[in-house]
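Read the structure below first, then the notes.
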Amino acid sequence: MKIPDLTELALRNLRESLLRNSLTTVGISVGVASLVAMLSLGTGLQELLSQRLAKSGLFDTVFVSSRRDLRGMGREEERKGPTPGESRVLDEPARQEMERLPNVSEAYPDIRFAAELRYEDKPHLTMISALPLSAKSNDAFDGMQGNFFSSDTGAEAILQKSFAEELLGKTPPLGAPEPAVTELAKPLLGKELTLRYAQRQAAPVTQPPLRGNGATAVGDSVEGAAYSVVSREQKLRIVGIADLDPETMRGPTRAKVFLPLGLAEGLHVMQPTDLREISRAPTDQPVYSSISVRVRNPAQVQPVEDTIKKMGFNTFSILDASNSLRQVFRVLYAFLGIFGSLALTVASIGIVNTLVMAILERRREIGIMKAIGASDGDIKKLFFAEAGAMGILGGIVGVVLGWAIGQIINFGTNIWLKSQSLPSEHFWVVPLWLVVFSIIFAFLVSLVSGLYPAARAARLDPVQALRYE
Amino acid sequence: MTTAPVVSSARGTAAVRIENLCRQYQMGETLIRAVDGVSVAIGAGEFVALLGSSGSGKSSVLNLIAGLDRPTSGSVVVQDRDLAKLSREDLAKYRLHVVGMVFQSFNLIASMTLAENVELPLRFAEVDRSQRTNLAREALERVGLRARMNHRPSELSGGEQQRAALARALINRPKVLLADEPTGNLDSHTGTEIMDMVRQFNRELGMTVVMVTHERALAERYAQRMIFLADGKLIDDRANASTVLDSREQGGRL
């Protein structure tokens, strides 16, 4: 029999016992729905987490440092490379070269220094770090009060909550509830801080600062062979108080105060690595202790990292961590898939049951078909087609059902999140591949369920079947 | 038995040749010999009645000729095909193309309209849809049911259902028509109508007809030859003089 004929006959037969076949199909759709629900939950969670991680800037960043940096001495990968003495300097041309690499969105120097900040004439020593404007999308600034930097070179500062507490003298005792950010922000936003830092000046000073800044010299520059160090002050306006800690991963060296990158670069703050540069001839280009290279897509971190290694620098990325995360999700997927499939297994037993019943009911009809020339194969295919049709219909209804359940749960959860004044999330995602996969899977499961009934129907003895009333 | 060779030779080659046919069933402890050593040859174009009381084995013989059942021993050769040697698949093809069947209980599929019932064998033969529809319409036209082609069997009288069954049996233009008590469920008037139609096909299309019946009067009226069975054995085989003569006249006129 040809496929269109087979389909037509199968659908006609399904319509004949509409209730029973509908119930079986509903069984399949519930099975498929549970599979879709489970897997889309998995997909949603994975996407949510990936998004969060991408936003955190950890998984798409390669941290580059010079091999001249002695910290890594003795590590195997570094022994293989050029010796620290002959490796490249991590300077501005190197930074520009990295920024021009394919798939790199930006490469910015890590500027990090300890300095004294004066607020209402009281000194506070803290770690300061520079942020590019792109850091605005970092989710650490999600609950921030105030605004992000207005420009790359603005004389502005964002304070981490704990430093804000320190400035106000409100640091809570251990275990006590922390004050709300809004409370801290009110007295601080728009206020002025004075940054006192050590400026490195190449001597003789010939070129203007790389980028504009509002620094004013307090000490005199001393002419020397390499450079001189000058104590300087910079006024900063507090524009934001960050609720979360943007640098949790940095451990003890994490900064509490953040400046715009352009401003920080212009300050030419004395860096710890500068001491080691004394032996070299002074350059008119800045030299960095480390550079963060942001890659457009976490998947491209590895090639970018390899290229930078070849340029002669040390690199570090959290790619390995994300790889094992993917492994975890694979396992989670398998588990969710198995649980989701359980209902489909039960539904497939329903198909077997329905078709075996159909054979009993349609025994005579099968006999007639055989008597007028239907082959065993025709009968088998007919039952297969019925099983397959139930599978496809059940699959389609199931996907819709699963999607609807997801939407309802999304909706409900977001209401709850809202009531907890948390931002809404879309963690139930039904990707297209899941839709296609579920329907095909339901179809295949149904065909497998149809194997036994189809074989049984085909084996029926026509003489006995015709005698059957 | 004595006249059989005469009729066969008069009609040329045998359409159905049965040799020492046996069919046994095991019913619990007892062995039932439904067909017990029957040998008979039916010529092409003959109209043969298989007669006997119930349990005589006449229906079993018909099922064996139809390829619905396989003999325990002996052979059935229809149109040069040895049915015992055909695979299940080939046997299905044989049923589809070589023989057509009509039953006492019509055996139309209740969920299908007449047109769909009649074209069902064409579906198994993988005939194109458009051609199928035309052939089904023609076949129903021939049995006078064109107007009812979109009705379901339950909406029709017994006679009409049997006519539709005839149309279905003939749709693939079989060489042999096998009828199992075709008038058993019909009143005598409708029965006559059906039998006239069968005779017409026999004469006009040269189709071999093997009809199982227990009504001797019916057999005498339509069959050219009557084969009597009892307890699975062939007990008599004789030509029906009047019909043979009649059909020769008719044949001459065709």
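Residues in the structure tokens are numbered from 1 in each chain, the chains being A, B, ... in the order shown, and ligands are numbered from 1 in the order shown.
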
Skipping near chain neighbours, those fewer than 4 positions away, what residues fall within 12 Å of stretch 356-365 of chain A using only C-alpha atoms, listed as a tab-separated table (two decimals) with C-alpha atoms, in the first residue's frame?
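Produced file result-v5.tsv, reproduced below:
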chain	number	residue	atom	x	y	z
A	10	ALA	CA	-4.93	4.74	9.56
A	13	ASN	CA	-9.41	3.73	11.76
A	14	LEU	CA	-8.32	6.07	14.53
A	16	GLU	CA	-13.58	4.92	14.34
A	17	SER	CA	-12.75	4.43	18.00
A	18	LEU	CA	-12.30	8.08	18.68
A	20	ARG	CA	-10.08	5.22	23.03
A	21	ASN	CA	-7.56	6.49	20.53
A	24	THR	CA	-4.12	6.97	24.17
A	349	ILE	CA	2.37	0.71	26.84
A	350	GLY	CA	-0.98	2.45	26.29
A	351	ILE	CA	-0.37	2.30	22.55
A	352	VAL	CA	0.33	-1.42	22.70
A	369	MET	CA	-8.71	-7.36	3.93
A	370	LYS	CA	-6.59	-10.46	3.69
A	371	ALA	CA	-9.29	-12.30	1.73
A	372	ILE	CA	-9.44	-9.56	-0.87
A	374	ALA	CA	-4.01	-7.54	1.55
A	379	ILE	CA	-1.74	-5.19	7.55
A	380	LYS	CA	1.48	-4.64	9.45
A	382	LEU	CA	-1.55	-0.26	8.59
A	383	PHE	CA	-1.08	-0.88	12.30
A	386	GLU	CA	-1.92	3.95	13.27
A	387	ALA	CA	0.72	3.78	15.97
A	449	SER	CA	5.13	0.12	20.51
A	450	GLY	CA	3.38	-0.80	17.27
A	451	LEU	CA	5.86	-3.61	16.53
A	452	TYR	CA	4.13	-6.28	18.54
A	453	PRO	CA	0.50	-5.45	17.66
A	454	ALA	CA	1.39	-5.07	13.98
A	455	ALA	CA	3.14	-8.43	13.89
A	456	ARG	CA	0.21	-10.00	15.69
A	457	ALA	CA	-2.33	-8.53	13.30
A	458	ALA	CA	-0.31	-9.62	10.29
A	459	ARG	CA	-0.08	-13.19	11.58
A	460	LEU	CA	-3.85	-13.49	11.96
A	461	ASP	CA	-5.29	-16.51	10.14
A	462	PRO	CA	-7.83	-15.15	7.63
A	463	VAL	CA	-10.09	-18.23	7.77
A	464	GLN	CA	-10.49	-17.94	11.54
A	465	ALA	CA	-10.74	-14.18	11.37
A	466	LEU	CA	-13.58	-14.40	8.86
A	467	ARG	CA	-15.41	-16.93	11.00
A	468	TYR	CA	-15.21	-14.55	13.95
A	469	GLU	CA	-18.36	-12.57	14.59
B	105	SER	CA	-22.30	-12.37	5.12
B	106	PHE	CA	-21.16	-9.90	2.43
B	107	ASN	CA	-18.10	-8.91	4.47
B	108	LEU	CA	-18.08	-5.26	3.54
B	109	ILE	CA	-16.13	-3.00	5.90
B	110	ALA	CA	-18.74	-1.14	7.92
B	111	SER	CA	-16.73	2.05	8.39
B	112	MET	CA	-16.26	2.57	4.66
B	117	ASN	CA	-15.09	-0.81	-0.05
B	120	LEU	CA	-10.00	-1.31	-1.34

Could you please write out, as a ChimeraX atom specification, every residue of stretch 47-211 of chain B that DSSP assigns to alpha helix (DSSP H)? /B:58-66,88-97,114-124,129-142,158-170,188-204

Using only C-alpha atoms, pick whichever of A:Ala255, A:Val429, A:Ile366, A:Met38 has the shortest atom-to-atom distance to chain B.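 Ranking A:Ala255, A:Val429, A:Ile366, A:Met38 by distance to chain B, first place goes to A:Ile366.
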
Near-B:Gly37 list (12 Å; only C-alpha atoms; drop same-chain fewer than 4 positions) as an NGL selection string: :B and (18-24 or 33 or 57 or 61 or 71-76 or 229-235)

Listing only residues of chain B within 7 Å of chain A, what is the closest atom pair and its distance in Å (to one decimal) for each, using only C-alpha atoms, sorted by chain and residue number ascending, as CSV?
residue,atom,partner,partner_atom,distance
B:Leu68,CA,A:Pro462,CA,6.1
B:Asp69,CA,A:Val463,CA,6.8
B:Glu89,CA,A:Ser375,CA,5.9
B:Ala92,CA,A:Ser375,CA,4.9
B:Lys93,CA,A:Gly373,CA,6.1
B:Arg95,CA,A:Gly373,CA,4.7
B:Leu96,CA,A:Gly373,CA,3.8
B:Gly100,CA,A:Ile372,CA,6.9
B:Met101,CA,A:Ile372,CA,6.9
B:Asn107,CA,A:Ile368,CA,6.4
B:Ile109,CA,A:Glu365,CA,6.3
B:Pro121,CA,A:Ile372,CA,6.1
B:Arg123,CA,A:Met1,CA,6.0
B:Phe124,CA,A:Met1,CA,5.1
B:Glu126,CA,A:Met1,CA,5.6

Point-to-point distance from atom CA of A:Gly42 to atom CA of A:Val346, Å rounded to tenths: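 Distance reported for this atom pair: 22.2 Å.
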
Tell me which protein, DNA and RNA residues are within 7 Å of stretch 158-165 of chain B, counting only C-alpha atoms, leaving out same-chain ones fewer than 5 positions away, and put them as a list in words. Val102, Phe106, Leu108, Leu114, Val118, Leu140, Val143, Pro153, Leu186, Thr190 and Ile194 of chain B

Please dump the current selection as a compact mmCIF listing (two decimals), in the first residue's frame; keep N, CA and C atoms.
# COMPACT_ATOMS: atom_id res chain seq x y z
N VAL B 102 -16.74 -13.77 -2.81
CA VAL B 102 -18.00 -13.25 -2.28
C VAL B 102 -18.42 -14.17 -1.15
N PHE B 106 -21.58 -11.06 3.22
CA PHE B 106 -21.16 -9.90 2.43
C PHE B 106 -19.75 -9.42 2.74
N LEU B 108 -18.53 -6.62 3.88
CA LEU B 108 -18.08 -5.26 3.54
C LEU B 108 -17.57 -4.63 4.82
N LEU B 114 -19.54 2.48 0.12
CA LEU B 114 -19.49 1.45 -0.91
C LEU B 114 -18.30 1.67 -1.84
N VAL B 118 -15.28 -0.93 -2.44
CA VAL B 118 -15.03 -1.52 -3.75
C VAL B 118 -13.60 -1.23 -4.22
N LEU B 140 -19.38 -0.24 -9.69
CA LEU B 140 -20.67 -0.06 -9.01
C LEU B 140 -21.77 0.19 -10.03
N VAL B 143 -23.10 -3.09 -11.28
CA VAL B 143 -24.03 -3.82 -10.41
C VAL B 143 -25.22 -2.93 -10.02
N PRO B 153 -22.41 0.51 4.14
CA PRO B 153 -23.11 -0.76 3.99
C PRO B 153 -24.37 -0.87 4.85
N LEU B 186 -29.99 -14.02 1.86
CA LEU B 186 -30.91 -13.20 1.06
C LEU B 186 -32.22 -13.95 0.83
N THR B 190 -34.14 -11.72 -4.12
CA THR B 190 -32.85 -11.04 -4.17
C THR B 190 -31.75 -12.02 -4.55
N ILE B 194 -28.96 -11.77 -7.56
CA ILE B 194 -27.50 -11.89 -7.42
C ILE B 194 -26.97 -12.99 -8.34
